Amino acid sequence: MSFSYRSIVMLLSVIIFASLLKLAFFAVPKDNTAPMLNAQEVRQDLYALLDQIEQHSAFYALTPDKASPQLKYMASLIVEQYQDMTPNGRFAAEITKLLNSLKDPGAQVHNFNDQSGDLPLTLRPLNDQWLALDSSNSPINNDFPFVTHIDGLPMSKWVAASQAYLPEPAKQSQEMQLPWLKKLNLLREDLGLSIKPYVLVTLINDDLQTQQVTLALPSHEPQAQLAASNQEDKTQDMSVLEFINQLSQFERSEFQDVPYQLETVNNTTVKLKISDLYAFELDRDLQQELLKGMTHPLLLIDLRDASGFSPKLLTLLSRYQDADLNSTLAPNVMGFAHYRRSPELRNDYLQPLNFKPLAALDEYNVPRLKSLTRNLPSVDEDKFSPWYIRTKPVVTPEGRNRLALLVSPKCRQECEWIAYRTKSWSRANLIGEKTSGDFARQYHFKLPNSGLDIRFSSSLTYDAQGKLLSGAGTEPDIWLPQNSDIQWQGLVSLVRSAKPKTQLIQTSQPTKLAQAKLN
C-alpha cells in the first residue's frame with residue numbers, strides 16, 4: 001500500500017506533535033513537597049528564608065537592626081525544637097509565625113497541606129460568643145448552641161493561639177481566625193495538649209446551662225492515601241492519546257463566567273459583588289451593571305474578597321467623592337511608594353500599581369517637588385528605590401446618592417486604595433472588618449527542601465502626608481463580623497442609621513445621578 005506525500009507529512013506531524021506533548025508532560029515540574037523534613041533540611045530552609053528576607057523584604061528593611069536579631073532568634077528556636085523528623089505542615093506553621101514577626105500583611109506561606117486533624121465542627125462568631133455548627137450550618141445542639149471550651153480550655157485560649165498565625169492588624173479579625181481555629185491538632189501542640197482522635201466540646205445555652213459533647217476527628221485513612229497515590233502513579237503513566245483527550249476536556253475555573261449581576265435589595269437599594277479587579281476592567285457588562293447601580297439612592301458593593309491592581313473601579317466610584325475645597329500644594333496626590341532595591345527589578349516595577357516617577361510630574365518644578373515630598377521619611381537609598389507618586393483620578397463629583405462598601409482583611413491591593421479613599425467621603429460608608437493594609441507587590445520564592453512557596457511585600461506605600469499605609473489597614477465606619485449570611489435589608493438599616501460624616505462637598509456641583517432619598 002502506497003502513501004501520498006500529504007499523508008506522510010500528516011502522519012509525521014501527528015507523531016511530532018504527540019512527542020512534544022509527551023515531553024511537555026514530563027517537563028512540567030512536579031510538586032516535590034516533602035512530607036517530612038530532617039534537622040539538616042530544616043536548617044537549610046531557614047537559612048534560605050532568612051537570606052531572601054534580608055535581600056527582598058521591604059518591611060525588614062524598615063527596621064533591620066530590630067528585625068534581624070528577632071528573626072534569627074525565632075529561627076534558632078525552631079532548629080532547637082525540631083531536632084528530629086518534622087512534618088511539613090508543622091514546619092509551614094512555624095514559618096508562618098516567623099514571617100508574622102515582620103508585621104507584613106502580604107506575608108504568606110503556600111503549597112502545603114496540613115492533615116494533622118481538623119475540628120469536626122464549624123465555628124461562627126456571634127457577638128462575643130461562638131456558635132457550634134455542623135456541615136449544613138445548623139447548630140450541633142439546638143438546646144446548647146454556643147461553645148465555651150474545647151478540650152477543657154476556654155475559647156479565649158484557642159483564639160489567642162490562632163492569632164499567632166495572623167499578621168497585624170488581622171489578629172483581631174474573626175474571619176481570618178476561623179481557618180486557624182479549624183486546625184485543632186496544630187493548636188493542641190501549641191497549647192501543650194495531647195493529640196487524641198476525638199475532641200471534648202463544652203456547649204452552653206442562654207440560661208448558662210452547659211453540656212459536654214465528645215466528637216470524633218475526621219480520619220485520614222492510610223488506605224485512602226495509598227489509593228490516591230496509586231491513582232496519581234497511573235495518571236503519570238497515561239498514554240499520549242489519553243493525555244490529549246484530557247486536555248480537550250479540560251476547563252480552567254478562571255475562564256468560567258462568574259455571574260456577578262446587580263441585585264435588588266429594596267426599592268431604593270441594589271447590591272453588586274466584585275472580586276477580581278482585573279476582570280472588572282475588561283468586563284464591559286459588569287461596568288454597565290455598576291453604572292446602573294450608581295443611579296440608585298444606595299449602592300452596596302461587596303469587596304470582601306477583591307484584589308488586583310486595576311484602577312478602573314476606583315475611577316468610576318470617584319463620582320461619589322467630595323469636591324476638594326482645600327487649596328493645598330498637591331490636591332491631586334493620592335500617595336507615594338518605593339520598592340526594595342534588587343538587581344533583578346526594573347525601574348518600572350511599580351508601574352502596574354499605577355505609580356509613576358516623581359520626575360514624570362512635568363507641571364512641578366524642582367522647588368515644588370521638594371515641597372511636595374518634604375514630609376516623606378528619609379530612607380536608605382541603598383535599600384530602597386527613589387520615590388514614586390500616584391495621583392487621584394480626575395473625576396468630577398456627581399449627585400447625592402449613597403455608597404456602601406463591604407470590606408475585610410481579604411480586601412487587598414487596589415481594594416485597599418478603594419477603602420482608604422472612600423473612608424473620607426461623606427456619601428460613602430465602609431462596612432465590615434478592618435482591612436490588612438496590603439498595598440504591595442509581592443516577592444515570592446520556593447524553599448529548597450520543604451517546597452513551601454513564600455511570599456512577602458517588596459514595596460511600601462505612604463499617604464500624601466508621608467504616613468506609612470502599608471500594614472496599617474483602614475477601619476470600617478460600621479463594624480460587622482464577616483460571615484456568609486448577611487441580612488442585606490438589615491445592613492441597609494445600619495447604613496441609614498450611621499452617624500453622618502463631615503460634609504465636604506459643594507452643593508452647587510452638577511447632579512447627574514438619581515436624587516431619590518432612602519426610605
# chains A, B, ... in the order shown; residues from 1 in each chain; ligands from 1

$ select_by_dssp --residues "segment 137-205 of chain A" --states "alpha helix (DSSP H)" --output "ChimeraX atom specification"
/A:155-163,174-181,184-191

$ closest_atom_pairs --of "segment 59-174 of chain A" --to "segment 443-461 of chain A" --cutoff "8 Å" --atoms "only C-alpha atoms" --output "JSON lines"
{"residue": "A:Phe59", "atom": "CA", "partner": "A:Ser457", "partner_atom": "CA", "distance": 7.1}
{"residue": "A:Asn88", "atom": "CA", "partner": "A:Ser450", "partner_atom": "CA", "distance": 6.4}
{"residue": "A:Ala92", "atom": "CA", "partner": "A:Leu452", "partner_atom": "CA", "distance": 7.2}
{"residue": "A:Asp104", "atom": "CA", "partner": "A:Ser457", "partner_atom": "CA", "distance": 6.8}
{"residue": "A:Pro105", "atom": "CA", "partner": "A:Ser457", "partner_atom": "CA", "distance": 7.9}
{"residue": "A:Gly106", "atom": "CA", "partner": "A:Phe456", "partner_atom": "CA", "distance": 5.1}
{"residue": "A:Ala107", "atom": "CA", "partner": "A:Phe456", "partner_atom": "CA", "distance": 4.1}
{"residue": "A:Gln108", "atom": "CA", "partner": "A:Arg455", "partner_atom": "CA", "distance": 5.2}
{"residue": "A:Val109", "atom": "CA", "partner": "A:Ile454", "partner_atom": "CA", "distance": 4.9}
{"residue": "A:His110", "atom": "CA", "partner": "A:Asp453", "partner_atom": "CA", "distance": 4.9}
{"residue": "A:Asn111", "atom": "CA", "partner": "A:Leu452", "partner_atom": "CA", "distance": 5.3}
{"residue": "A:Phe112", "atom": "CA", "partner": "A:Leu452", "partner_atom": "CA", "distance": 6.5}

$ residues_around --residues "Arg188 of chain A" --least-positions-apart "3" --cutoff "12 Å" --atoms "only C-alpha atoms" --output "MDAnalysis selection string"
chainID A and resid 90 116:119 150:153 157:158 161:162 180:185 191:196 199

$ write_last_selection --atoms "N, CA, C and O atoms" --output "mmCIF file, in the first residue's frame"
data_model
loop_
_atom_site.group_PDB
_atom_site.id
_atom_site.type_symbol
_atom_site.label_atom_id
_atom_site.label_comp_id
_atom_site.auth_asym_id
_atom_site.auth_seq_id
_atom_site.Cartn_x
_atom_site.Cartn_y
_atom_site.Cartn_z
ATOM 1 N N ARG A 90 3.767 21.133 60.026
ATOM 2 C CA ARG A 90 4.234 21.774 61.260
ATOM 3 C C ARG A 90 5.305 22.821 60.956
ATOM 4 O O ARG A 90 5.316 23.907 61.543
ATOM 5 N N SER A 116 -3.103 17.239 59.954
ATOM 6 C CA SER A 116 -2.860 16.778 61.328
ATOM 7 C C SER A 116 -4.140 16.554 62.116
ATOM 8 O O SER A 116 -4.099 15.967 63.181
ATOM 9 N N GLY A 117 -5.272 17.014 61.631
ATOM 10 C CA GLY A 117 -6.535 16.825 62.334
ATOM 11 C C GLY A 117 -7.286 18.132 62.482
ATOM 12 O O GLY A 117 -6.781 19.076 63.092
ATOM 13 N N ASP A 118 -8.476 18.204 61.910
ATOM 14 C CA ASP A 118 -9.276 19.418 61.944
ATOM 15 C C ASP A 118 -10.419 19.288 62.945
ATOM 16 O O ASP A 118 -10.883 18.186 63.265
ATOM 17 N N LEU A 119 -10.889 20.433 63.418
ATOM 18 C CA LEU A 119 -12.037 20.477 64.314
ATOM 19 C C LEU A 119 -13.279 19.993 63.570
ATOM 20 O O LEU A 119 -13.597 20.503 62.487
ATOM 21 N N ILE A 150 -12.992 24.018 74.551
ATOM 22 C CA ILE A 150 -12.560 22.899 73.710
ATOM 23 C C ILE A 150 -11.439 22.184 74.449
ATOM 24 O O ILE A 150 -10.457 22.826 74.855
ATOM 25 N N ASP A 151 -11.590 20.901 74.665
ATOM 26 C CA ASP A 151 -10.622 20.109 75.430
ATOM 27 C C ASP A 151 -10.364 20.723 76.807
ATOM 28 O O ASP A 151 -9.240 20.674 77.331
ATOM 29 N N GLY A 152 -11.387 21.317 77.383
ATOM 30 C CA GLY A 152 -11.266 21.864 78.722
ATOM 31 C C GLY A 152 -10.684 23.264 78.798
ATOM 32 O O GLY A 152 -10.662 23.855 79.877
ATOM 33 N N LEU A 153 -10.213 23.820 77.678
ATOM 34 C CA LEU A 153 -9.661 25.179 77.669
ATOM 35 C C LEU A 153 -10.694 26.155 77.116
ATOM 36 O O LEU A 153 -11.385 25.846 76.141
ATOM 37 N N LYS A 157 -8.446 31.031 74.948
ATOM 38 C CA LYS A 157 -7.113 30.442 74.789
ATOM 39 C C LYS A 157 -6.881 30.000 73.344
ATOM 40 O O LYS A 157 -5.801 30.196 72.783
ATOM 41 N N TRP A 158 -7.906 29.409 72.735
ATOM 42 C CA TRP A 158 -7.785 28.948 71.355
ATOM 43 C C TRP A 158 -7.690 30.133 70.397
ATOM 44 O O TRP A 158 -6.934 30.094 69.417
ATOM 45 N N ALA A 161 -4.201 31.494 70.594
ATOM 46 C CA ALA A 161 -3.251 30.621 69.892
ATOM 47 C C ALA A 161 -3.357 30.802 68.388
ATOM 48 O O ALA A 161 -2.348 30.787 67.665
ATOM 49 N N SER A 162 -4.563 30.985 67.878
ATOM 50 C CA SER A 162 -4.742 31.160 66.422
ATOM 51 C C SER A 162 -4.179 32.497 65.951
ATOM 52 O O SER A 162 -3.744 32.621 64.804
ATOM 53 N N TRP A 180 -7.651 29.086 61.077
ATOM 54 C CA TRP A 180 -6.658 28.584 62.020
ATOM 55 C C TRP A 180 -7.314 27.939 63.230
ATOM 56 O O TRP A 180 -6.765 26.975 63.796
ATOM 57 N N LEU A 181 -8.476 28.426 63.647
ATOM 58 C CA LEU A 181 -9.212 27.752 64.721
ATOM 59 C C LEU A 181 -9.648 26.361 64.301
ATOM 60 O O LEU A 181 -9.867 25.484 65.149
ATOM 61 N N LYS A 182 -9.766 26.144 63.012
ATOM 62 C CA LYS A 182 -10.159 24.827 62.497
ATOM 63 C C LYS A 182 -9.034 23.801 62.664
ATOM 64 O O LYS A 182 -9.289 22.597 62.756
ATOM 65 N N LYS A 183 -7.777 24.262 62.725
ATOM 66 C CA LYS A 183 -6.623 23.362 62.787
ATOM 67 C C LYS A 183 -6.412 22.910 64.243
ATOM 68 O O LYS A 183 -5.546 23.420 64.966
ATOM 69 N N LEU A 184 -7.200 21.959 64.652
ATOM 70 C CA LEU A 184 -7.259 21.548 66.058
ATOM 71 C C LEU A 184 -5.934 21.020 66.567
ATOM 72 O O LEU A 184 -5.399 21.490 67.576
ATOM 73 N N ASN A 185 -5.366 20.003 65.899
ATOM 74 C CA ASN A 185 -4.151 19.377 66.414
ATOM 75 C C ASN A 185 -2.954 20.321 66.361
ATOM 76 O O ASN A 185 -2.045 20.236 67.208
ATOM 77 N N LEU A 191 -0.554 24.632 72.440
ATOM 78 C CA LEU A 191 -1.067 24.804 73.805
ATOM 79 C C LEU A 191 -0.582 23.728 74.754
ATOM 80 O O LEU A 191 -0.947 23.728 75.946
ATOM 81 N N GLY A 192 0.232 22.791 74.272
ATOM 82 C CA GLY A 192 0.774 21.747 75.135
ATOM 83 C C GLY A 192 -0.213 20.649 75.461
ATOM 84 O O GLY A 192 -0.053 19.970 76.487
ATOM 85 N N LEU A 193 -1.225 20.443 74.614
ATOM 86 C CA LEU A 193 -2.217 19.390 74.830
ATOM 87 C C LEU A 193 -1.836 18.134 74.067
ATOM 88 O O LEU A 193 -1.144 18.190 73.042
ATOM 89 N N SER A 194 -2.310 17.016 74.527
ATOM 90 C CA SER A 194 -2.033 15.753 73.851
ATOM 91 C C SER A 194 -2.914 15.617 72.616
ATOM 92 O O SER A 194 -4.012 16.169 72.549
ATOM 93 N N ILE A 195 -2.414 14.854 71.643
ATOM 94 C CA ILE A 195 -3.147 14.612 70.403
ATOM 95 C C ILE A 195 -4.022 13.380 70.586
ATOM 96 O O ILE A 195 -3.529 12.291 70.921
ATOM 97 N N LYS A 196 -5.317 13.539 70.388
ATOM 98 C CA LYS A 196 -6.265 12.444 70.551
ATOM 99 C C LYS A 196 -7.144 12.352 69.310
ATOM 100 O O LYS A 196 -7.319 13.337 68.573
ATOM 101 N N VAL A 199 -12.369 15.003 70.286
ATOM 102 C CA VAL A 199 -12.299 16.301 70.928
ATOM 103 C C VAL A 199 -13.493 16.454 71.865
ATOM 104 O O VAL A 199 -14.605 16.023 71.554
#

$ select_by_dssp --residues "segment 263-450 of chain A" --states "strand (DSSP E)" --output "PyMOL selection string"
chain A and resi 263-266+269-273+298-302+333-339+356-357+388-391+402-407+428-432+442-446

$ atom_distance --atom1 "atom CA of Glu94 of chain A" --atom2 "atom CA of Leu46 of chain A"
10.4 Å

$ atom_distance --atom1 "atom CA of Leu166 of chain A" --atom2 "atom CA of Lys410 of chain A"
12.4 Å

$ residues_around --residues "segment 376-393 of chain A" --least-positions-apart "4" --cutoff "8 Å" --atoms "only C-alpha atoms" --output "MDAnalysis selection string"
chainID A and resid 61 314:315 318 332:341 350 354:358 465:467

$ residues_around --residues "Val495 of chain A" --least-positions-apart "2" --cutoff "10 Å" --atoms "only C-alpha atoms" --output "PDB file with C-alpha atoms, in the first residue's frame"
ATOM      1  CA  LEU A 298     -27.980  53.484  47.677  1.00  0.00           C
ATOM      2  CA  LEU A 300     -23.939  48.273  48.099  1.00  0.00           C
ATOM      3  CA  ARG A 402     -25.039  56.987  48.791  1.00  0.00           C
ATOM      4  CA  LEU A 403     -22.398  54.263  48.550  1.00  0.00           C
ATOM      5  CA  ALA A 404     -21.698  51.396  50.975  1.00  0.00           C
ATOM      6  CA  ALA A 428     -19.739  56.581  51.446  1.00  0.00           C
ATOM      7  CA  ASN A 429     -19.682  54.084  54.314  1.00  0.00           C
ATOM      8  CA  LEU A 430     -17.283  51.188  54.873  1.00  0.00           C
ATOM      9  CA  ILE A 431     -18.862  48.117  56.476  1.00  0.00           C
ATOM     10  CA  ASP A 477     -17.317  53.067  59.598  1.00  0.00           C
ATOM     11  CA  ILE A 478     -19.652  50.243  60.660  1.00  0.00           C
ATOM     12  CA  GLY A 490     -30.643  44.859  57.991  1.00  0.00           C
ATOM     13  CA  LEU A 491     -27.397  46.137  56.504  1.00  0.00           C
ATOM     14  CA  VAL A 492     -29.346  48.901  54.737  1.00  0.00           C
ATOM     15  CA  SER A 493     -30.791  49.878  58.109  1.00  0.00           C
ATOM     16  CA  SER A 497     -28.702  54.905  60.928  1.00  0.00           C
ATOM     17  CA  ALA A 498     -24.932  55.525  60.644  1.00  0.00           C
ATOM     18  CA  LYS A 499     -23.553  58.746  62.065  1.00  0.00           C
ATOM     19  CA  PRO A 500     -23.285  61.340  59.259  1.00  0.00           C
TER      20      PRO A 500
END

$ closest_residue --among "A:Thr148, A:Ser138, A:Ser57, A:Gln129" --to "Leu99 of chain A" --atoms "only C-alpha atoms"
A:Ser57

$ atom_distance --atom1 "atom CA of Lys434 of chain A" --atom2 "atom CA of Ala58 of chain A"
22.2 Å

$ residues_around --residues "Pro120 of chain A" --least-positions-apart "3" --cutoff "8 Å" --atoms "only C-alpha atoms" --output "number ranges by chain"
A: 134, 215-218

$ residues_around --residues "Tyr349 of chain A" --least-positions-apart "3" --cutoff "9 Å" --atoms "only C-alpha atoms" --output "PyMOL selection string"
chain A and resi 339+345-346+352-353+441
